[in-house]
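Data block for entry_4.txt (compact mmCIF, N, CA and C atoms):
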# COMPACT_ATOMS: atom_id res chain seq x y z
N MET A 1 60.35 3.36 201.39
CA MET A 1 60.11 3.42 202.82
C MET A 1 58.86 4.23 203.15
N LEU A 2 58.75 5.39 202.53
CA LEU A 2 57.60 6.22 202.82
C LEU A 2 56.30 5.64 202.28
N GLU A 3 56.38 4.84 201.23
CA GLU A 3 55.17 4.19 200.73
C GLU A 3 54.61 3.22 201.77
N GLU A 4 55.48 2.52 202.47
CA GLU A 4 55.02 1.61 203.53
C GLU A 4 54.35 2.39 204.66
N VAL A 5 54.91 3.54 204.98
CA VAL A 5 54.31 4.40 206.01
C VAL A 5 52.94 4.86 205.55
N TYR A 6 52.85 5.27 204.29
CA TYR A 6 51.57 5.73 203.74
C TYR A 6 50.52 4.62 203.82
N TYR A 7 50.83 3.44 203.29
CA TYR A 7 49.85 2.36 203.26
C TYR A 7 49.46 1.91 204.66
N THR A 8 50.42 1.83 205.56
CA THR A 8 50.13 1.45 206.93
C THR A 8 49.22 2.47 207.60
N ALA A 9 49.56 3.74 207.45
CA ALA A 9 48.75 4.80 208.07
C ALA A 9 47.37 4.84 207.44
N TYR A 10 47.29 4.78 206.12
CA TYR A 10 46.01 4.89 205.44
C TYR A 10 45.09 3.72 205.78
N PHE A 11 45.58 2.51 205.63
CA PHE A 11 44.74 1.35 205.91
C PHE A 11 44.41 1.25 207.39
N GLY A 12 45.36 1.55 208.25
CA GLY A 12 45.10 1.50 209.69
C GLY A 12 44.05 2.51 210.13
N LEU A 13 44.21 3.76 209.69
CA LEU A 13 43.24 4.80 210.07
C LEU A 13 41.87 4.54 209.46
N CYS A 14 41.83 4.06 208.22
CA CYS A 14 40.54 3.73 207.60
C CYS A 14 39.85 2.60 208.34
N ALA A 15 40.60 1.58 208.73
CA ALA A 15 39.99 0.46 209.46
C ALA A 15 39.42 0.92 210.78
N VAL A 16 40.17 1.72 211.52
CA VAL A 16 39.69 2.23 212.80
C VAL A 16 38.45 3.09 212.60
N LEU A 17 38.49 3.98 211.63
CA LEU A 17 37.36 4.87 211.36
C LEU A 17 36.11 4.08 210.94
N ILE A 18 36.27 3.12 210.07
CA ILE A 18 35.13 2.34 209.58
C ILE A 18 34.52 1.51 210.71
N ILE A 19 35.34 0.85 211.49
CA ILE A 19 34.82 0.02 212.59
C ILE A 19 34.14 0.89 213.64
N TRP A 20 34.75 2.01 214.00
CA TRP A 20 34.17 2.89 215.02
C TRP A 20 32.85 3.49 214.53
N LEU A 21 32.84 4.02 213.30
CA LEU A 21 31.60 4.59 212.78
C LEU A 21 30.51 3.54 212.61
N GLY A 22 30.87 2.37 212.16
CA GLY A 22 29.89 1.29 212.03
C GLY A 22 29.24 0.95 213.36
N TRP A 23 30.05 0.89 214.40
CA TRP A 23 29.51 0.57 215.73
C TRP A 23 28.60 1.69 216.23
N ILE A 24 29.03 2.94 216.06
CA ILE A 24 28.23 4.08 216.51
C ILE A 24 26.91 4.13 215.75
N LEU A 25 26.95 4.01 214.44
CA LEU A 25 25.73 4.10 213.65
C LEU A 25 24.78 2.94 213.95
N GLN A 26 25.33 1.77 214.17
CA GLN A 26 24.48 0.62 214.47
C GLN A 26 23.81 0.78 215.83
N SER A 27 24.54 1.22 216.83
CA SER A 27 23.97 1.31 218.17
C SER A 27 22.99 2.49 218.28
N ALA A 28 23.29 3.61 217.64
CA ALA A 28 22.40 4.78 217.75
C ALA A 28 21.27 4.74 216.73
N GLY A 29 21.44 4.04 215.65
CA GLY A 29 20.44 4.03 214.59
C GLY A 29 19.18 3.26 214.89
N SER A 30 19.23 2.35 215.83
CA SER A 30 18.03 1.53 216.11
C SER A 30 16.88 2.38 216.63
N VAL A 31 17.18 3.45 217.34
CA VAL A 31 16.13 4.33 217.85
C VAL A 31 15.38 4.97 216.68
N PHE A 32 16.12 5.46 215.69
CA PHE A 32 15.50 6.09 214.53
C PHE A 32 14.75 5.08 213.68
N LEU A 33 15.29 3.89 213.54
CA LEU A 33 14.60 2.87 212.75
C LEU A 33 13.30 2.45 213.43
N ASN A 34 13.33 2.28 214.76
CA ASN A 34 12.10 1.95 215.47
C ASN A 34 11.04 3.01 215.27
N ASP A 35 11.44 4.26 215.33
CA ASP A 35 10.49 5.35 215.15
C ASP A 35 9.98 5.41 213.72
N ALA A 36 10.86 5.23 212.76
CA ALA A 36 10.48 5.34 211.35
C ALA A 36 9.58 4.20 210.91
N PHE A 37 9.77 3.02 211.48
CA PHE A 37 9.00 1.86 211.05
C PHE A 37 7.97 1.42 212.08
N GLY A 38 7.58 2.33 212.95
CA GLY A 38 6.48 2.07 213.87
C GLY A 38 6.71 0.94 214.84
N GLY A 39 7.93 0.65 215.19
CA GLY A 39 8.21 -0.40 216.17
C GLY A 39 8.14 -1.81 215.63
N ASN A 40 8.04 -2.00 214.33
CA ASN A 40 8.01 -3.33 213.72
C ASN A 40 9.41 -3.94 213.83
N ALA A 41 9.60 -4.78 214.85
CA ALA A 41 10.94 -5.28 215.20
C ALA A 41 11.58 -6.07 214.07
N THR A 42 10.81 -6.87 213.36
CA THR A 42 11.36 -7.66 212.27
C THR A 42 11.87 -6.76 211.15
N LEU A 43 11.07 -5.77 210.81
CA LEU A 43 11.47 -4.83 209.76
C LEU A 43 12.67 -4.00 210.19
N VAL A 44 12.68 -3.57 211.44
CA VAL A 44 13.80 -2.77 211.96
C VAL A 44 15.10 -3.58 211.90
N ARG A 45 15.05 -4.84 212.32
CA ARG A 45 16.25 -5.69 212.29
C ARG A 45 16.74 -5.90 210.86
N ALA A 46 15.81 -6.15 209.94
CA ALA A 46 16.20 -6.39 208.55
C ALA A 46 16.81 -5.13 207.92
N VAL A 47 16.18 -3.99 208.14
CA VAL A 47 16.69 -2.75 207.56
C VAL A 47 18.04 -2.40 208.20
N ALA A 48 18.19 -2.62 209.49
CA ALA A 48 19.46 -2.35 210.16
C ALA A 48 20.58 -3.19 209.57
N GLN A 49 20.31 -4.46 209.32
CA GLN A 49 21.33 -5.33 208.72
C GLN A 49 21.68 -4.87 207.30
N LEU A 50 20.67 -4.50 206.54
CA LEU A 50 20.93 -4.02 205.18
C LEU A 50 21.73 -2.72 205.18
N LEU A 51 21.40 -1.82 206.11
CA LEU A 51 22.16 -0.58 206.21
C LEU A 51 23.60 -0.85 206.64
N ASP A 52 23.81 -1.80 207.54
CA ASP A 52 25.17 -2.17 207.96
C ASP A 52 25.98 -2.71 206.78
N VAL A 53 25.37 -3.61 206.02
CA VAL A 53 26.06 -4.18 204.87
C VAL A 53 26.39 -3.09 203.86
N GLY A 54 25.44 -2.20 203.59
CA GLY A 54 25.69 -1.10 202.66
C GLY A 54 26.80 -0.19 203.16
N PHE A 55 26.79 0.12 204.45
CA PHE A 55 27.83 0.98 205.02
C PHE A 55 29.21 0.36 204.82
N TYR A 56 29.34 -0.92 205.16
CA TYR A 56 30.65 -1.57 205.05
C TYR A 56 31.07 -1.74 203.58
N LEU A 57 30.13 -2.03 202.70
CA LEU A 57 30.48 -2.15 201.28
C LEU A 57 30.97 -0.83 200.71
N VAL A 58 30.26 0.25 201.00
CA VAL A 58 30.67 1.56 200.49
C VAL A 58 32.02 1.96 201.09
N SER A 59 32.19 1.75 202.38
CA SER A 59 33.43 2.14 203.05
C SER A 59 34.63 1.38 202.52
N VAL A 60 34.53 0.07 202.50
CA VAL A 60 35.65 -0.75 202.04
C VAL A 60 35.87 -0.54 200.54
N GLY A 61 34.79 -0.35 199.80
CA GLY A 61 34.91 -0.09 198.36
C GLY A 61 35.67 1.20 198.09
N TYR A 62 35.36 2.25 198.85
CA TYR A 62 36.07 3.51 198.67
C TYR A 62 37.56 3.35 199.00
N VAL A 63 37.84 2.66 200.08
CA VAL A 63 39.25 2.46 200.46
C VAL A 63 39.97 1.65 199.39
N ALA A 64 39.31 0.63 198.85
CA ALA A 64 39.94 -0.20 197.82
C ALA A 64 40.19 0.59 196.53
N VAL A 65 39.27 1.47 196.18
CA VAL A 65 39.43 2.26 194.96
C VAL A 65 40.45 3.37 195.13
N SER A 66 40.51 3.95 196.31
CA SER A 66 41.34 5.15 196.50
C SER A 66 42.70 4.87 197.15
N TYR A 67 43.04 3.62 197.38
CA TYR A 67 44.30 3.35 198.09
C TYR A 67 45.51 3.74 197.25
N ARG A 68 45.39 3.66 195.96
CA ARG A 68 46.52 3.96 195.08
C ARG A 68 46.91 5.41 195.25
N ASN A 69 48.20 5.64 195.34
CA ASN A 69 48.69 6.98 195.55
C ASN A 69 49.54 7.40 194.37
N PHE A 70 49.33 8.61 193.92
CA PHE A 70 50.14 9.16 192.84
C PHE A 70 50.99 10.27 193.43
N TRP A 71 52.24 9.93 193.70
CA TRP A 71 53.15 10.90 194.32
C TRP A 71 53.46 11.99 193.32
N PRO A 72 53.57 13.23 193.80
CA PRO A 72 53.81 14.35 192.89
C PRO A 72 55.18 14.27 192.20
N THR A 73 56.18 13.78 192.89
CA THR A 73 57.53 13.65 192.31
C THR A 73 58.13 12.36 192.85
N ASN A 74 59.32 12.06 192.40
CA ASN A 74 60.01 10.89 192.92
C ASN A 74 60.56 11.12 194.31
N SER A 75 60.78 12.37 194.68
CA SER A 75 61.27 12.67 196.02
C SER A 75 60.11 13.24 196.83
N TYR A 76 59.72 12.53 197.84
CA TYR A 76 58.61 12.95 198.68
C TYR A 76 59.00 12.81 200.13
N SER A 77 58.22 13.45 201.00
CA SER A 77 58.58 13.51 202.41
C SER A 77 57.42 13.02 203.26
N TYR A 78 57.64 13.03 204.57
CA TYR A 78 56.58 12.67 205.50
C TYR A 78 55.40 13.64 205.40
N ALA A 79 55.68 14.88 205.09
CA ALA A 79 54.60 15.86 204.91
C ALA A 79 53.70 15.46 203.74
N ASP A 80 54.30 14.95 202.66
CA ASP A 80 53.50 14.47 201.52
C ASP A 80 52.65 13.27 201.92
N VAL A 81 53.22 12.39 202.73
CA VAL A 81 52.47 11.22 203.20
C VAL A 81 51.29 11.66 204.04
N VAL A 82 51.51 12.58 204.97
CA VAL A 82 50.42 13.06 205.83
C VAL A 82 49.36 13.74 204.99
N GLN A 83 49.78 14.54 204.02
CA GLN A 83 48.83 15.23 203.16
C GLN A 83 47.98 14.23 202.37
N GLN A 84 48.59 13.21 201.81
CA GLN A 84 47.85 12.21 201.03
C GLN A 84 46.87 11.43 201.91
N VAL A 85 47.32 11.05 203.10
CA VAL A 85 46.43 10.31 204.01
C VAL A 85 45.25 11.19 204.42
N CYS A 86 45.50 12.45 204.70
CA CYS A 86 44.42 13.37 205.09
C CYS A 86 43.43 13.57 203.95
N ILE A 87 43.93 13.69 202.73
CA ILE A 87 43.04 13.85 201.57
C ILE A 87 42.16 12.61 201.41
N LYS A 88 42.75 11.44 201.52
CA LYS A 88 41.99 10.20 201.33
C LYS A 88 40.99 9.99 202.47
N LEU A 89 41.41 10.24 203.72
CA LEU A 89 40.48 10.10 204.84
C LEU A 89 39.36 11.14 204.76
N GLY A 90 39.70 12.34 204.33
CA GLY A 90 38.67 13.37 204.15
C GLY A 90 37.65 12.97 203.10
N GLY A 91 38.10 12.37 202.03
CA GLY A 91 37.18 11.87 201.00
C GLY A 91 36.26 10.79 201.54
N LEU A 92 36.83 9.87 202.33
CA LEU A 92 36.01 8.82 202.93
C LEU A 92 34.97 9.40 203.88
N MET A 93 35.39 10.34 204.73
CA MET A 93 34.45 10.93 205.68
C MET A 93 33.37 11.74 204.96
N LEU A 94 33.73 12.43 203.89
CA LEU A 94 32.75 13.18 203.12
C LEU A 94 31.74 12.25 202.47
N LEU A 95 32.21 11.17 201.87
CA LEU A 95 31.31 10.20 201.25
C LEU A 95 30.36 9.59 202.28
N LEU A 96 30.89 9.17 203.42
CA LEU A 96 30.06 8.56 204.45
C LEU A 96 29.09 9.57 205.06
N GLY A 97 29.52 10.82 205.20
CA GLY A 97 28.62 11.85 205.72
C GLY A 97 27.45 12.11 204.79
N ILE A 98 27.71 12.18 203.49
CA ILE A 98 26.64 12.38 202.52
C ILE A 98 25.68 11.19 202.53
N ALA A 99 26.22 9.98 202.58
CA ALA A 99 25.37 8.79 202.63
C ALA A 99 24.54 8.76 203.90
N HIS A 100 25.12 9.17 205.02
CA HIS A 100 24.40 9.20 206.29
C HIS A 100 23.26 10.21 206.25
N LEU A 101 23.51 11.40 205.73
CA LEU A 101 22.45 12.41 205.62
C LEU A 101 21.34 11.95 204.69
N PHE A 102 21.69 11.27 203.61
CA PHE A 102 20.69 10.72 202.70
C PHE A 102 19.83 9.68 203.41
N ASN A 103 20.46 8.81 204.20
CA ASN A 103 19.70 7.81 204.95
C ASN A 103 18.77 8.46 205.97
N LEU A 104 19.23 9.51 206.65
CA LEU A 104 18.37 10.22 207.60
C LEU A 104 17.19 10.86 206.91
N LEU A 105 17.42 11.41 205.72
CA LEU A 105 16.32 11.99 204.95
C LEU A 105 15.29 10.92 204.59
N LEU A 106 15.77 9.77 204.16
CA LEU A 106 14.84 8.68 203.83
C LEU A 106 14.06 8.21 205.06
N LEU A 107 14.73 8.11 206.20
CA LEU A 107 14.03 7.71 207.42
C LEU A 107 12.97 8.74 207.82
N ALA A 108 13.27 10.02 207.64
CA ALA A 108 12.28 11.06 207.94
C ALA A 108 11.08 10.94 207.00
N LEU A 109 11.34 10.62 205.74
CA LEU A 109 10.23 10.43 204.79
C LEU A 109 9.40 9.21 205.17
N PHE A 110 10.04 8.12 205.56
CA PHE A 110 9.31 6.93 205.99
C PHE A 110 8.48 7.23 207.23
N ARG A 111 9.05 7.99 208.13
CA ARG A 111 8.33 8.35 209.36
C ARG A 111 7.10 9.19 209.03
N ARG A 112 7.27 10.18 208.15
CA ARG A 112 6.16 11.03 207.76
C ARG A 112 5.09 10.21 207.04
N ARG A 113 5.50 9.31 206.18
CA ARG A 113 4.55 8.46 205.46
C ARG A 113 3.79 7.56 206.43
N GLY A 114 4.52 7.02 207.43
CA GLY A 114 3.88 6.18 208.43
C GLY A 114 2.91 6.96 209.29
N SER A 115 3.25 8.19 209.63
CA SER A 115 2.35 9.03 210.43
C SER A 115 1.11 9.40 209.65
N ALA A 116 1.27 9.69 208.37
CA ALA A 116 0.10 10.04 207.54
C ALA A 116 -0.80 8.83 207.35
N ALA A 117 -0.22 7.65 207.20
CA ALA A 117 -1.01 6.44 207.01
C ALA A 117 -1.76 6.08 208.30
N SER A 118 -1.14 6.22 209.44
CA SER A 118 -1.82 5.90 210.70
C SER A 118 -2.88 6.95 211.02
N GLY A 119 -2.67 8.20 210.61
CA GLY A 119 -3.68 9.23 210.81
C GLY A 119 -4.89 9.01 209.94
N ALA A 120 -4.67 8.52 208.73
CA ALA A 120 -5.79 8.24 207.83
C ALA A 120 -6.58 7.05 208.29
N VAL A 121 -5.93 6.06 208.89
CA VAL A 121 -6.63 4.88 209.41
C VAL A 121 -7.43 5.24 210.65
N ALA A 122 -6.90 6.13 211.49
CA ALA A 122 -7.58 6.50 212.72
C ALA A 122 -8.80 7.37 212.45
N SER A 123 -8.87 8.04 211.31
CA SER A 123 -9.98 8.93 211.00
C SER A 123 -11.25 8.21 210.69

Full structure transcribed into C-alpha cells:
Amino acid sequence: MLEEVYYTAYFGLCAVLIIWLGWILQSAGSVFLNDAFGGNATLVRAVAQLLDVGFYLVSVGYVAVSYRNFWPTNSYSYADVVQQVCIKLGGLMLLLGIAHLFNLLLLALFRRRGSAASGAVAS
C-alpha cells in the first residue's frame, strides 16, 4: 500500500516540478538568449529548443533512474515515504540547479565573447 503512495507522490510531484520549471525557464530564458546571441532570432530559437530538449531529457532521465526505492526494512511508515520522496525530489532539484547555473555561466561567456568581438570590429 505504501509503495503505491510513494510512486504516486514521487511521479506526481516530479511531473509538476518538471513541467513548471520547464515553462518558467523557457519563458524567462529568451531574454538571456537574446542578449547572449546579439538578437539573432534564428540562433536564439534553435538554442532555446535544444536547451528545452536537454532539460526534459535530464529531468525525465533522473526520475527514471532514481524511481526505484530501497526501503530500510520490511516495515515502513508514511514518514519513510515522505523522507524518500523528499530525498529524491531534493536530488532532482540539486541536479537541475547545477545544470541551470552551468548554462548561465555559458551564456555569460557567450555574451562576453560577443561583446569582445563586436568591440574589435568597431575599432

Any chance you could work out the axis-aligned box around segment 11-17 of chain A, listed atoms only, 6 Å on each side, giving centre and edge lengths in Å to one decimal, as lines of an AutoDock Vina configuration file?
center_x = 40.8
center_y = 2.7
center_z = 209.2
size_x = 21.5
size_y = 16.4
size_z = 19.2

Nearest candidate to Gly38 of chain A (options A:Phe11, A:Tyr56, A:Trp23, A:Phe110; using all atoms listed in the file): A:Phe110

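Distance annotation: of A:Gly61, A:Leu107, A:Met1, A:Gly22, the residue with the minimal separation from Gln49 of chain A is A:Gly22; atom set is only C-alpha atoms.
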
Here atom CA of Val63 of chain A and atom CA of Leu94 of chain A stand apart by 12.8 Å

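Picture a line from atom C of Tyr6 of chain A to atom C of Val60 of chain A; it runs 15.9 Å.
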
Within 12 Å of (35.3, 10.4, 199.9) (coordinates as in the file), grab all the protein and nucleic acid residues, counting only C-alpha atoms, and write them out as a PyMOL selection string. chain A and resi 14+58-67+85-99

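For the pair atom CA of Leu25 of chain A and atom CA of Leu51 of chain A, the separation is 9.5 Å.
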
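Considering only C-alpha atoms, the residue among A:Ala48, A:Leu57, A:Ala108, A:Ala9 positioned nearest to Gln26 of chain A is A:Ala48.
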
Could you pull out the residues in segment 23-123 of chain A that DSSP calls alpha helix (DSSP H) from the backbone, as a ChimeraX atom specification? /A:23-36,41-66,78-122
